[in-house]
file run04.cif (mmCIF, C-alpha atoms)
data_coords
loop_
_atom_site.label_atom_id
_atom_site.label_comp_id
_atom_site.auth_asym_id
_atom_site.auth_seq_id
_atom_site.Cartn_x
_atom_site.Cartn_y
_atom_site.Cartn_z
CA MET H 59 -92.55 23.21 -62.46
CA LYS H 60 -95.13 24.95 -60.17
CA LEU H 61 -97.92 23.01 -61.89
CA ILE H 62 -96.06 19.73 -61.35
CA SER H 63 -95.39 20.53 -57.66
CA ALA H 64 -99.02 21.44 -57.13
CA ALA H 65 -100.05 18.21 -58.78
CA CYS H 66 -97.71 16.25 -56.50
CA VAL H 67 -99.07 17.92 -53.38
CA ALA H 68 -102.63 17.27 -54.54
CA TRP H 69 -101.81 13.65 -55.29
CA ILE H 70 -100.26 13.23 -51.86
CA ALA H 71 -103.32 14.79 -50.23
CA ILE H 72 -105.69 12.52 -52.15
CA TYR H 73 -103.53 9.51 -51.31
CA SER H 74 -103.61 10.48 -47.64
CA ILE H 75 -107.34 11.13 -47.55
CA SER H 76 -108.08 7.87 -49.34
CA GLY H 77 -106.73 6.12 -46.22
CA HIS H 78 -104.50 3.67 -48.08
CA ALA H 79 -104.16 0.84 -45.56
CA GLN H 80 -100.47 0.22 -46.11
CA MET H 81 -99.44 3.85 -45.55
CA GLN H 82 -101.75 4.47 -42.61
CA GLN H 83 -100.15 1.61 -40.71
CA VAL H 84 -96.51 2.36 -41.41
CA SER H 85 -94.37 4.02 -38.81
CA LEU H 86 -90.91 5.01 -40.07
CA GLN H 87 -87.60 5.41 -38.28
CA VAL H 88 -84.87 7.55 -39.84
CA GLU H 89 -81.13 7.22 -39.26
CA LEU H 90 -78.83 10.01 -40.44
CA ASP H 91 -75.70 8.11 -41.49
CA ILE H 92 -72.99 10.67 -40.78
CA PHE H 93 -70.80 9.85 -37.79
CA SER H 94 -67.77 7.64 -37.36
CA GLY H 95 -67.28 7.47 -33.59
CA ARG H 96 -70.60 8.51 -32.13
CA PRO H 97 -73.82 6.61 -32.88
CA ASN H 98 -75.81 8.17 -35.74
CA PRO H 99 -78.85 10.30 -34.85
CA VAL H 100 -82.09 8.34 -35.08
CA TRP H 101 -85.66 9.62 -34.88
CA GLU H 102 -89.15 8.62 -35.88
CA LEU H 103 -91.21 10.42 -38.50
CA THR H 104 -94.58 11.78 -37.48
CA ALA H 105 -97.60 10.10 -39.07
CA PRO H 106 -98.05 12.85 -41.71
CA GLN H 107 -94.30 12.80 -42.45
CA ALA H 108 -94.37 9.01 -42.87
CA THR H 109 -97.36 9.25 -45.19
CA GLU H 110 -95.64 11.91 -47.26
CA PHE H 111 -92.41 9.88 -47.46
CA MET H 112 -94.24 6.77 -48.65
CA ALA H 113 -96.18 8.72 -51.25
CA ARG H 114 -93.07 10.40 -52.61
CA PHE H 115 -91.09 7.13 -52.55
CA GLN H 116 -93.74 5.36 -54.56
CA MET H 117 -93.59 8.07 -57.20
CA LEU H 118 -89.90 7.50 -57.94
CA GLN H 119 -88.74 5.85 -61.15
CA SER H 120 -86.65 2.73 -60.84
CA ILE H 121 -83.19 2.57 -62.42
CA GLU H 122 -81.07 -0.37 -63.54
CA LYS H 123 -77.78 0.09 -61.79
CA PRO H 124 -77.35 2.48 -58.90
CA PRO H 125 -74.08 4.38 -58.47
CA SER H 126 -72.00 3.12 -55.57
CA GLY H 127 -73.06 4.81 -52.38
CA ALA H 128 -70.92 6.78 -49.97
CA ASN H 129 -68.83 4.92 -47.44
CA GLY H 130 -66.28 7.48 -46.28
CA LEU H 131 -66.20 10.12 -43.56
CA GLY H 132 -69.04 12.64 -43.32
CA TYR H 133 -72.58 12.57 -44.72
CA ARG H 134 -73.55 9.18 -46.19
CA GLY H 135 -77.30 9.62 -46.56
CA PHE H 136 -80.50 8.89 -44.65
CA VAL H 137 -81.63 5.34 -43.93
CA VAL H 138 -85.37 4.83 -43.46
CA ARG H 139 -86.67 1.66 -41.84
CA PRO H 140 -90.16 0.57 -40.78
CA ALA H 141 -90.65 0.86 -37.01
CA ALA H 142 -94.08 -0.67 -37.48
CA GLY H 143 -95.92 -1.79 -40.58
CA VAL H 144 -94.27 -2.36 -43.94
CA LEU H 145 -92.17 -0.18 -46.21
CA ASN H 146 -93.41 -1.55 -49.52
CA GLY H 147 -91.89 -4.91 -48.64
CA PHE H 148 -88.41 -3.48 -48.07
CA ASP H 149 -86.30 -3.70 -44.92
CA GLU H 150 -84.82 -0.26 -45.49
CA VAL H 151 -84.46 2.56 -47.98
CA ARG H 152 -81.16 4.47 -48.14
CA VAL H 153 -81.43 7.92 -49.70
CA TYR H 154 -78.27 9.68 -50.87
CA ARG H 155 -77.57 12.29 -53.53
CA GLY H 156 -80.63 11.73 -55.62
CA VAL H 157 -80.73 7.95 -55.48
CA ALA H 158 -82.89 5.78 -53.23
CA VAL H 159 -81.74 2.19 -52.77
CA ALA H 160 -84.33 -0.11 -51.21
CA ARG H 161 -83.21 -3.45 -49.76
CA GLU H 162 -84.96 -6.62 -48.75
CA GLY H 163 -82.45 -9.18 -47.53
CA ASN H 164 -79.87 -9.49 -50.32
CA ARG H 165 -82.19 -7.97 -52.92
CA ALA H 166 -81.74 -4.31 -53.78
CA LYS H 167 -83.73 -2.01 -56.05
CA ALA H 168 -82.70 1.50 -56.99
CA PHE H 169 -84.78 4.57 -57.78
CA THR H 170 -83.85 7.98 -59.09
CA ASP H 171 -84.78 11.18 -57.27
CA PRO H 172 -83.03 13.90 -59.28
CA GLU H 173 -84.63 16.77 -57.34
CA ARG H 174 -83.57 15.08 -54.06
CA VAL H 175 -87.14 15.40 -52.85
CA LEU H 176 -86.82 12.56 -50.33
CA GLU H 177 -83.57 13.91 -48.88
CA ARG H 178 -85.05 17.39 -48.52
CA GLN H 179 -88.07 15.98 -46.74
CA LEU H 180 -85.95 13.88 -44.39
CA LEU H 181 -83.67 16.85 -43.73
CA SER H 182 -86.72 18.88 -42.81
CA SER H 183 -87.84 16.13 -40.40
CA SER H 184 -84.43 16.17 -38.69
CA ARG H 185 -84.57 19.74 -37.39
CA ASP H 186 -85.46 18.87 -33.80
CA HIS H 187 -83.11 15.89 -33.67
CA ILE H 188 -79.66 17.05 -34.75
CA PRO H 189 -77.45 19.93 -33.58
CA GLU H 190 -77.69 23.20 -35.45
CA PRO H 191 -74.12 23.22 -36.90
CA ILE H 192 -74.68 19.77 -38.44
CA LEU H 193 -78.07 20.86 -39.76
CA GLN H 194 -76.51 23.86 -41.46
CA ASP H 195 -73.82 21.72 -43.11
CA LEU H 196 -76.44 19.26 -44.31
CA GLU H 197 -78.54 22.07 -45.74
CA ARG H 198 -75.52 23.25 -47.71
CA GLU H 199 -74.94 19.70 -48.96
CA ILE H 200 -78.52 18.79 -49.83
CA MET H 201 -80.09 22.07 -50.86
CA ARG H 202 -77.38 23.00 -53.41
CA MET Y 228 -55.08 -13.11 -73.02
CA LEU Y 229 -53.75 -11.73 -69.79
CA GLN Y 230 -50.40 -10.24 -68.76
CA VAL Y 231 -49.36 -10.56 -65.12
CA THR Y 232 -46.43 -8.69 -63.62
CA ALA Y 233 -44.97 -9.21 -60.16
CA ASP Y 234 -44.46 -5.64 -58.93
CA ALA Y 235 -41.46 -6.15 -56.68
CA PHE Y 236 -38.26 -4.67 -58.08
CA SER Y 237 -36.79 -1.23 -57.98
CA GLY Y 238 -33.82 -1.40 -60.37
CA LEU Y 239 -34.42 -4.50 -62.51
CA PRO Y 240 -37.52 -4.89 -64.72
CA ASN Y 241 -40.37 -6.64 -62.91
CA PRO Y 242 -40.92 -10.30 -63.90
CA THR Y 243 -43.84 -10.58 -66.26
CA TRP Y 244 -45.72 -13.45 -67.93
CA THR Y 245 -48.47 -13.95 -70.50
CA VAL Y 246 -51.17 -16.19 -69.07
CA ASP Y 247 -52.75 -18.74 -71.45
CA ALA Y 248 -56.47 -18.68 -72.20
CA ASP Y 249 -57.54 -21.46 -69.80
CA GLU Y 250 -55.59 -20.07 -66.86
CA ALA Y 251 -56.76 -16.53 -67.70
CA ARG Y 252 -60.38 -17.67 -67.60
CA TYR Y 253 -59.82 -19.35 -64.24
CA LEU Y 254 -58.07 -16.34 -62.74
CA LEU Y 255 -60.59 -13.79 -63.97
CA GLN Y 256 -63.46 -15.90 -62.72
CA GLU Y 257 -61.85 -16.18 -59.27
CA ILE Y 258 -61.14 -12.47 -59.19
CA SER Y 259 -64.60 -11.43 -60.39
CA GLN Y 260 -66.17 -13.63 -57.70
CA ASN Y 261 -63.98 -11.97 -55.06
CA ARG Y 262 -64.02 -8.36 -56.15
CA SER Y 263 -62.63 -7.06 -52.88
CA VAL Y 264 -59.18 -8.24 -54.02
CA VAL Y 265 -59.20 -5.79 -56.96
CA ALA Y 266 -57.40 -2.48 -56.52
CA ALA Y 267 -56.37 0.28 -58.88
CA VAL Y 268 -52.89 -0.15 -60.35
CA ASN Y 269 -51.60 2.85 -58.38
CA GLU Y 270 -53.12 1.73 -55.09
CA GLY Y 271 -51.34 0.04 -52.22
CA PHE Y 272 -47.81 -0.02 -50.87
CA GLN Y 273 -45.45 1.96 -53.10
CA GLY Y 274 -42.19 1.40 -51.23
CA LEU Y 275 -39.36 -1.07 -51.69
CA GLY Y 276 -40.16 -4.77 -51.85
CA TYR Y 277 -43.16 -6.79 -52.93
CA ARG Y 278 -46.07 -4.53 -53.93
CA GLY Y 279 -48.56 -6.98 -55.47
CA ILE Y 280 -49.31 -8.28 -58.96
CA ILE Y 281 -50.48 -6.13 -61.87
CA VAL Y 282 -53.01 -7.86 -64.13
CA GLU Y 283 -53.59 -6.46 -67.62
CA SER Y 284 -55.94 -7.56 -70.39
CA LEU Y 285 -54.24 -7.95 -73.74
CA THR Y 286 -57.51 -8.21 -75.65
CA ASP Y 287 -60.41 -5.77 -75.65
CA ASN Y 288 -63.18 -8.17 -74.70
CA ILE Y 289 -61.99 -10.13 -71.73
CA ALA Y 290 -62.23 -7.47 -69.04
CA ASN Y 291 -65.78 -6.57 -70.11
CA LYS Y 292 -66.86 -10.17 -69.93
CA TYR Y 293 -65.96 -10.32 -66.23
CA ASP Y 294 -66.84 -6.69 -65.54
CA LEU Y 295 -63.26 -5.95 -64.48
CA PRO Y 296 -61.01 -3.00 -65.31
CA ALA Y 297 -58.55 -3.46 -68.19
CA SER Y 298 -55.70 -3.35 -65.68
CA PHE Y 299 -55.69 -3.67 -61.92
CA ARG Y 300 -53.66 -4.83 -58.94
CA VAL Y 301 -54.14 -7.94 -56.78
CA GLY Y 302 -52.18 -9.72 -54.08
CA HIS Y 303 -51.27 -6.60 -52.14
CA THR Y 304 -53.23 -7.04 -48.89
CA ALA Y 305 -53.40 -9.74 -46.25
CA ASP Y 306 -56.90 -10.79 -47.33
CA GLN Y 307 -56.82 -14.60 -47.62
CA LYS Y 308 -58.29 -14.78 -51.13
CA ASN Y 309 -55.89 -12.09 -52.30
CA LEU Y 310 -52.95 -14.13 -51.06
CA GLU Y 311 -54.26 -17.34 -52.66
CA ILE Y 312 -54.60 -15.65 -56.04
CA ALA Y 313 -51.13 -14.12 -55.76
CA GLU Y 314 -49.56 -17.44 -54.72
CA ARG Y 315 -51.15 -19.18 -57.70
CA ILE Y 316 -49.91 -16.56 -60.15
CA LEU Y 317 -46.37 -16.62 -58.76
CA ARG Y 318 -46.29 -20.44 -58.77
CA ASN Y 319 -47.40 -20.51 -62.41
CA MET Y 320 -44.78 -17.91 -63.31
CA GLN Y 321 -42.07 -19.98 -61.62
CA GLN Y 322 -43.21 -23.17 -63.39
CA ALA Y 323 -43.22 -21.33 -66.71
CA ALA Y 324 -39.67 -20.11 -65.98
CA ALA Y 325 -40.92 -16.51 -66.05
CA LEU Y 326 -39.75 -16.14 -62.46
CA GLU Y 327 -36.40 -17.39 -61.16
CA ASN Y 328 -36.63 -19.93 -58.34
CA ALA Y 329 -34.76 -17.71 -55.90
CA VAL Y 330 -37.00 -14.73 -56.63
CA HIS Y 331 -40.07 -16.94 -56.30
CA THR Y 332 -38.87 -18.05 -52.86
CA VAL Y 333 -38.35 -14.46 -51.73
CA LEU Y 334 -41.73 -13.27 -53.02
CA ASN Y 335 -43.49 -16.23 -51.44
CA ARG Y 336 -41.89 -15.35 -48.15
CA GLU Y 337 -43.21 -11.79 -48.54
CA LEU Y 338 -46.71 -13.18 -49.11
CA GLN Y 339 -46.39 -15.33 -46.00
CA ARG Y 340 -45.31 -12.32 -43.98
CA LEU Y 341 -48.23 -10.33 -45.32
CA GLY Y 342 -50.64 -13.12 -44.54
CA SER Y 343 -49.30 -13.84 -41.13
CA ARG Y 344 -51.94 -13.08 -38.56
CA GLU Y 345 -49.19 -12.61 -36.00
CA GLU Y 346 -48.45 -9.02 -35.28
CA THR Y 347 -44.84 -7.96 -35.54
CA SER Y 348 -42.97 -5.68 -33.21
CA GLU Y 349 -41.12 -2.71 -34.52
CA PRO Y 350 -39.59 0.49 -33.18
CA ASP Y 351 -41.63 3.66 -33.28
CA ARG Y 352 -38.93 6.30 -33.31
CA ALA Y 353 -39.25 9.91 -32.32
CA PRO Y 354 -37.48 12.39 -34.60
CA GLN Y 355 -33.86 13.06 -33.76
CA SER Y 356 -33.26 16.39 -32.07
CA MET Y 357 -30.22 18.61 -32.33
CA PRO Y 358 -29.50 20.30 -29.00
CA GLN Y 359 -27.79 23.61 -29.31
CA GLY Y 360 -24.04 23.41 -29.47
CA GLY Y 361 -23.91 19.63 -29.47
CA GLY Y 362 -24.25 16.58 -31.69
CA PRO Y 363 -27.51 14.82 -32.40
CA ASP Y 364 -29.33 12.95 -29.63
CA SER Y 365 -29.81 9.27 -30.15
CA ASP Y 366 -33.28 8.29 -31.27
CA VAL Y 367 -35.85 7.96 -28.55
CA GLY Y 368 -38.93 5.91 -29.16
CA CYS Y 369 -41.02 2.95 -28.14
CA THR Y 370 -41.63 -0.56 -29.39
CA ILE Y 371 -45.07 -1.10 -30.88
CA GLU Y 372 -46.90 -3.88 -32.63
CA ILE Y 373 -48.40 -3.69 -36.10
CA GLY Y 374 -50.78 -6.16 -37.70
CA ALA Y 375 -51.81 -6.96 -41.25
CA PHE Y 376 -54.78 -5.16 -42.77
CA ASN Y 377 -57.71 -7.57 -42.40
CA PRO Y 378 -60.93 -5.76 -43.35
CA GLY Y 379 -62.91 -8.98 -43.70
CA PHE Y 380 -62.83 -9.43 -39.93
CA TRP Y 381 -64.66 -6.11 -39.52
CA ASN Y 382 -66.90 -6.11 -42.58
CA ASP Y 383 -68.75 -9.33 -41.84
CA PRO Y 384 -72.47 -8.36 -41.88
CA ALA Y 385 -72.86 -9.79 -38.38
CA TYR Y 386 -70.35 -7.26 -36.99
CA ILE Y 387 -70.01 -4.31 -39.35
CA GLY Y 388 -72.77 -2.16 -37.85
CA ARG Y 389 -71.84 -2.94 -34.24
CA ASN Y 390 -68.26 -1.71 -34.28
CA ASN Y 391 -66.91 1.75 -35.04
CA CYS Y 392 -63.62 3.59 -35.62
CA TYR Y 393 -62.56 3.30 -31.97
CA ASN Y 394 -63.17 -0.46 -32.02
CA TYR Y 395 -61.15 -0.78 -35.22
CA ALA Y 396 -58.21 1.39 -34.15
CA SER Y 397 -58.01 -0.36 -30.77
CA ASN Y 398 -58.40 -3.69 -32.60
CA ARG Y 399 -61.13 -4.78 -30.21
CA ARG Y 400 -64.35 -6.05 -31.76
CA THR Y 401 -66.59 -5.54 -28.73
CA ASN Y 402 -69.86 -5.16 -30.69
CA THR Y 403 -70.74 -2.21 -28.46
CA PHE Y 404 -69.96 0.66 -30.87
CA ALA Y 405 -67.35 1.61 -28.28
CA GLN Y 406 -66.87 5.17 -27.04
CA PRO Y 407 -63.60 6.61 -25.66
CA GLY Y 408 -63.87 6.81 -21.87
CA ARG Y 409 -67.19 4.98 -21.53
CA ALA Y 410 -65.58 1.85 -20.05
CA THR Y 411 -63.90 3.91 -17.33
CA GLY Y 412 -66.61 6.42 -16.50
CA HIS Y 413 -65.15 9.34 -18.45
CA GLN Y 414 -66.94 9.26 -21.77
CA ALA Y 415 -66.19 12.30 -23.89
CA ASN Y 416 -69.35 14.29 -24.50
CA VAL Y 417 -67.73 17.32 -26.06
CA MET Y 418 -66.34 16.69 -29.52
CA ALA Y 419 -62.98 18.39 -29.21
CA CYS Y 420 -59.45 17.01 -29.21
CA GLY Y 421 -58.91 17.55 -25.50
CA ASP Y 422 -62.12 15.86 -24.37
CA VAL Y 423 -61.89 12.82 -26.63
CA THR Y 424 -58.20 12.47 -25.76
CA ASN Y 425 -59.06 12.49 -22.05
CA GLY Y 426 -61.63 9.75 -22.62
CA ALA Y 427 -59.06 7.62 -24.44
CA LEU Y 428 -56.38 8.21 -21.79
CA SER Y 429 -58.92 7.25 -19.13
CA ASP Y 430 -59.40 3.92 -20.95
CA GLY Y 431 -55.68 3.32 -20.61
CA LEU Y 432 -54.15 4.56 -23.88
CA HIS Y 433 -50.86 6.44 -23.75
CA ARG Y 434 -49.80 9.39 -25.82
CA ARG Y 435 -47.19 8.47 -28.43
CA PHE Y 436 -43.64 8.05 -27.12
CA GLN Y 437 -44.93 7.39 -23.60
CA CYS Y 438 -43.93 3.77 -23.91
CA PHE Y 439 -45.69 0.67 -22.68
CA PRO Y 440 -43.60 -2.29 -21.49
CA ASP Y 441 -43.57 -5.57 -23.43
CA SER Y 442 -46.07 -6.98 -20.93
CA GLU Y 443 -48.69 -4.67 -22.52
CA LYS Y 444 -48.38 -6.17 -26.02
CA PRO Y 445 -49.98 -5.65 -28.45
CA ARG Y 446 -49.33 -1.91 -28.50
CA TRP Y 447 -51.11 -0.63 -31.60
CA LEU Y 448 -50.29 2.83 -32.97
CA MET Y 449 -53.48 4.90 -33.32
CA ALA Y 450 -54.25 8.39 -34.63
CA LEU Y 451 -57.15 10.62 -33.52
CA VAL Y 452 -58.90 13.32 -35.52
CA VAL Y 453 -61.95 15.38 -34.59
CA ALA Y 454 -64.72 17.21 -36.46
CA PRO Y 455 -65.14 20.00 -33.89
CA GLY Y 456 -68.57 19.89 -32.31
CA TYR Y 457 -69.55 16.83 -34.39
CA ASP Y 458 -67.64 13.66 -33.87
CA TYR Y 459 -64.25 11.97 -33.69
CA HIS Y 460 -62.45 9.37 -35.83
CA TRP Y 461 -59.52 7.00 -35.31
CA TYR Y 462 -56.96 5.27 -37.55
CA ARG Y 463 -54.59 2.34 -36.88
CA LYS Y 464 -51.16 1.72 -38.44
CA GLN Y 465 -51.02 -1.52 -40.46
CA LYS Y 466 -48.17 -3.89 -41.32
CA GLU Y 467 -48.38 -2.95 -45.00
CA GLY Y 468 -47.33 0.60 -44.11
CA PHE Y 469 -50.66 2.35 -44.58
CA TRP Y 470 -53.32 3.19 -42.00
CA GLY Y 471 -56.62 1.37 -41.74
CA HIS Y 472 -59.86 2.86 -40.42
CA LYS Y 473 -63.58 2.21 -40.14
CA PRO Y 474 -66.01 5.13 -40.54
CA GLY Y 475 -68.74 4.24 -38.08
CA GLY Y 476 -70.86 1.27 -39.08
CA THR Y 477 -69.48 1.26 -42.63
CA ALA Y 478 -66.70 -0.90 -44.03
CA ALA Y 479 -63.14 -0.95 -42.72
CA LYS Y 480 -60.82 0.38 -45.42
CA ASN Y 481 -57.42 1.83 -46.07
CA THR Y 482 -58.45 4.68 -48.34
CA ASP Y 483 -59.58 8.23 -47.62
CA ASN Y 484 -62.43 10.39 -48.92
CA ASN Y 485 -60.57 10.80 -52.25
CA SER Y 486 -60.11 7.00 -52.54
CA ALA Y 487 -56.36 7.45 -51.95
CA VAL Y 488 -54.51 5.03 -49.68
CA VAL Y 489 -53.95 6.55 -46.24
CA TRP Y 490 -50.18 6.69 -45.85
CA ASN Y 491 -50.40 9.61 -43.43
CA PRO Y 492 -53.57 10.35 -41.41
CA GLU Y 493 -52.40 13.97 -40.94
CA THR Y 494 -52.69 14.66 -44.66
CA ALA Y 495 -55.44 12.21 -45.65
CA ALA Y 496 -58.72 13.59 -47.08
CA ARG Y 497 -60.94 13.44 -43.97
CA ALA Y 498 -63.47 16.26 -44.10
CA PRO Y 499 -65.16 17.25 -41.82
CA TYR Y 500 -62.62 15.81 -39.32
CA SER Y 501 -60.36 18.82 -39.64
CA ASP Y 502 -58.52 18.73 -36.29
CA PHE Y 503 -55.59 16.35 -35.94
CA CYS Y 504 -55.33 15.52 -32.22
CA GLY Y 505 -52.29 13.26 -32.13
CA TYR Y 506 -51.03 9.70 -31.93
CA PHE Y 507 -51.60 7.18 -29.18
CA TYR Y 508 -50.72 3.63 -28.19
CA ALA Y 509 -53.31 0.99 -27.33
CA CYS Y 510 -52.30 -1.65 -24.81
CA LYS Y 511 -53.35 -5.03 -23.51
CA SER Y 512 -54.92 -3.61 -20.37
CA GLN Y 513 -56.89 -0.95 -22.27
CA ARG Y 514 -60.51 -1.01 -21.19
CA ILE Y 515 -63.02 -0.44 -23.96
CA ASN Y 516 -66.79 -0.48 -24.15
#
call {"tool": "encode", "arguments": {"input": "run04.cif", "output": "structure tokens"}}
result
Amino acid sequence: MKLISAACVAWIAIYSISGHAQMQQVSLQVELDIFSGRPNPVWELTAPQATEFMARFQMLQSIEKPPSGANGLGYRGFVVRPAAGVLNGFDEVRVYRGVAVAREGNRAKAFTDPERVLERQLLSSSRDHIPEPILQDLEREIMR
Amino acid sequence: MLQVTADAFSGLPNPTWTVDADEARYLLQEISQNRSVVAAVNEGFQGLGYRGIIVESLTDNIANKYDLPASFRVGHTADQKNLEIAERILRNMQQAAALENAVHTVLNRELQRLGSREETSEPDRAPQSMPQGGGPDSDVGCTIEIGAFNPGFWNDPAYIGRNNCYNYASNRRTNTFAQPGRATGHQANVMACGDVTNGALSDGLHRRFQCFPDSEKPRWLMALVVAPGYDYHWYRKQKEGFWGHKPGGTAAKNTDNNSAVVWNPETAARAPYSDFCGYFYACKSQRIN
């Protein structure tokens, strides 16, 4: 597992250094889909965070049929959208419980993320943008 | 082959009918193209009167072909397609003499009532009290309006993300993701029952049993819950007897976090909205933004 993680980090570093045009230009906005009454928290990833997200997203394996997503009260996932540039041709990527669903118009494609790597990364990026009690609950939900 | 049963009776067996192959194909195609009409057999209104139509496959291949469950319920909400499918099934049952004419008339009337976009007025009674040493008080209460559950109005892609639980419970599609108190300068910023309640009262809502006159119709019955420190959530009583709600920018629905129909918002699965704050009435002059 350590060897695989090290390989991933190295791959991400190489990908970043190589200056891939698509990732350098992308600026990503994240929405934490959690509230019912109040508007959801929204923030923008830093450039390194956006690069890391794109690299990790592109490493995911696609799956045929995604499970139905959450639509009740409470945590319903993170939604990532391009603020500038392109997100691999998708309008948005919703990440929830180990599945990433990418949409472009009516077209949807699903990917598996069994280690919830994307969610953990997005959770980490949220620390300055959501209140501490909510952060703690999300950590319990995502890090279990 | 398909078996359809009108779930309406309490004492007598429900009328049931075996649908022929051609009609079965037509029905399943209609239903599979309008999947929002499909509910679990044990979902929906469970009281006296018309409760919908149970559809069951009699062969092992037909449900798979249309990617439908082997048995399910339709015709139990005010959704237009749901009512059309139910009307067709009942009409066919009547023509096949599987449903007596008089029963068909009554059930059709129930469908019309369900589908009626007009709200109906009904009493909202407070519990009787027993003063010491005396007989029971007469009921006190208010007259309210209730409307049919119509999620399609809220779940249209053009509107779904722009209206939240407060919009839904107030039945006002303002497209502003409305906040209690914002329209009247007293938006609740602390997520606690008292603060959100004050915001709603500022907008013009009344606490339950503080009646509005008829001039303030429609007077929807709403329920407020709070996730302390997080957020708030609202429900609205529907004509079918359950409560509808809309979690933020997601779909309006009548089920809770356990996929159970919300018959009582106090006991519905609603984590993390642990605090039940109370019931309120909306009114015509309610301001909302």
call {"tool": "closest_residue", "arguments": {"input": "run04.cif", "among": "H:Asn98, H:Ser126, H:Asn146, H:Thr104", "to": "chain Y", "atoms": "all atoms listed in the file"}}
result
H:Asn98
call {"tool": "residues_around", "arguments": {"input": "run04.cif", "residues": "H:Tyr154", "least_positions_apart": "5", "cutoff": "10 Å", "atoms": "only C-alpha atoms", "output": "ChimeraX atom specification"}}
result
/H:91,127-128,133-137,159,171,174,176-177,200
call {"tool": "closest_residue", "arguments": {"input": "run04.cif", "among": "H:Pro140, H:Pro125, H:Gly130, H:Gly163", "to": "chain Y", "atoms": "all atoms listed in the file"}}
result
H:Gly130
call {"tool": "residues_around", "arguments": {"input": "run04.cif", "residues": "Y:Asp483", "least_positions_apart": "3", "cutoff": "10 Å", "atoms": "all atoms listed in the file", "output": "list in words"}}
result
Asn129, Gly130 and Leu131 of chain H; Trp470, Gly471, His472, Lys480, Ser486, Ala487, Val488, Val489, Trp490, Pro492, Thr494, Ala495, Ala496, Arg497 and Ala498 of chain Y
call {"tool": "resolve_selection", "arguments": {"input": "run04.cif", "expression": "the PyMOL selection byres ((chain H) within 8 of (chain Y))", "output": "number ranges by chain"}}
result
H: 93-97, 129-132, 191-192
call {"tool": "atom_distance", "arguments": {"input": "run04.cif", "atom1": "atom CA of Y:Arg514", "atom2": "atom CA of Y:Pro440"}}
result
17.0 Å
call {"tool": "atom_distance", "arguments": {"input": "run04.cif", "atom1": "atom CA of Y:Glu283", "atom2": "atom CA of Y:Arg300"}}
result
8.8 Å
call {"tool": "resolve_selection", "arguments": {"input": "run04.cif", "expression": "the PyMOL selection byres ((chain H and resi 197) around 12)", "output": "list in words"}}
result
Tyr133, Arg174, Glu177, Arg178, Gln179, Leu180, Leu181, Ser182, Ser184, Arg185, Glu190, Pro191, Ile192, Leu193, Gln194, Asp195, Leu196, Arg198, Glu199, Ile200, Met201 and Arg202 of chain H
call {"tool": "write_last_selection", "arguments": {"input": "run04.cif", "atoms": "C-alpha atoms", "output": "compact mmCIF listing (two decimals), in the coordinates of the input"}}
result
# COMPACT_ATOMS: atom_id res chain seq x y z
CA TYR H 133 -72.58 12.57 -44.72
CA ARG H 174 -83.57 15.08 -54.06
CA GLU H 177 -83.57 13.91 -48.88
CA ARG H 178 -85.05 17.39 -48.52
CA GLN H 179 -88.07 15.98 -46.74
CA LEU H 180 -85.95 13.88 -44.39
CA LEU H 181 -83.67 16.85 -43.73
CA SER H 182 -86.72 18.88 -42.81
CA SER H 184 -84.43 16.17 -38.69
CA ARG H 185 -84.57 19.74 -37.39
CA GLU H 190 -77.69 23.20 -35.45
CA PRO H 191 -74.12 23.22 -36.90
CA ILE H 192 -74.68 19.77 -38.44
CA LEU H 193 -78.07 20.86 -39.76
CA GLN H 194 -76.51 23.86 -41.46
CA ASP H 195 -73.82 21.72 -43.11
CA LEU H 196 -76.44 19.26 -44.31
CA ARG H 198 -75.52 23.25 -47.71
CA GLU H 199 -74.94 19.70 -48.96
CA ILE H 200 -78.52 18.79 -49.83
CA MET H 201 -80.09 22.07 -50.86
CA ARG H 202 -77.38 23.00 -53.41
call {"tool": "closest_residue", "arguments": {"input": "run04.cif", "among": "Y:Asp422, Y:Asp351, Y:Asp502, Y:Asp247", "to": "Y:Met449", "atoms": "all atoms listed in the file"}}
result
Y:Asp351
call {"tool": "atom_distance", "arguments": {"input": "run04.cif", "atom1": "atom CA of Y:Tyr462", "atom2": "atom CA of Y:Pro378"}}
result
13.1 Å
call {"tool": "resolve_selection", "arguments": {"input": "run04.cif", "expression": "the PyMOL selection byres ((chain Y and resi 295) around 12)", "output": "JSON, numbers by chain"}}
result
{"Y": [254, 255, 256, 257, 258, 259, 260, 261, 262, 263, 264, 265, 266, 267, 282, 283, 284, 287, 288, 289, 290, 291, 292, 293, 294, 296, 297, 298, 299, 300]}
call {"tool": "closest_residue", "arguments": {"input": "run04.cif", "among": "H:Arg139, H:Arg114, H:Arg161, H:Arg152", "to": "H:Gln87", "atoms": "all atoms listed in the file"}}
result
H:Arg139
call {"tool": "residues_around", "arguments": {"input": "run04.cif", "residues": "H:Gln119", "least_positions_apart": "2", "cutoff": "10 Å", "atoms": "all atoms listed in the file", "output": "ChimeraX atom specification"}}
result
/H:115-117,121,158,168-171
call {"tool": "axis_aligned_box", "arguments": {"input": "run04.cif", "around": "stretch 441-449 of chain Y", "padding_each_side": "6 Å", "output": "JSON"}}
result
{"center_x": -48.5, "center_y": -1.0, "center_z": -27.1, "size_x": 21.9, "size_y": 23.9, "size_z": 24.4}
call {"tool": "closest_residue", "arguments": {"input": "run04.cif", "among": "Y:Val423, Y:Ile371, Y:Leu239, Y:Cys510", "to": "Y:Asn398", "atoms": "only C-alpha atoms"}}
result
Y:Cys510
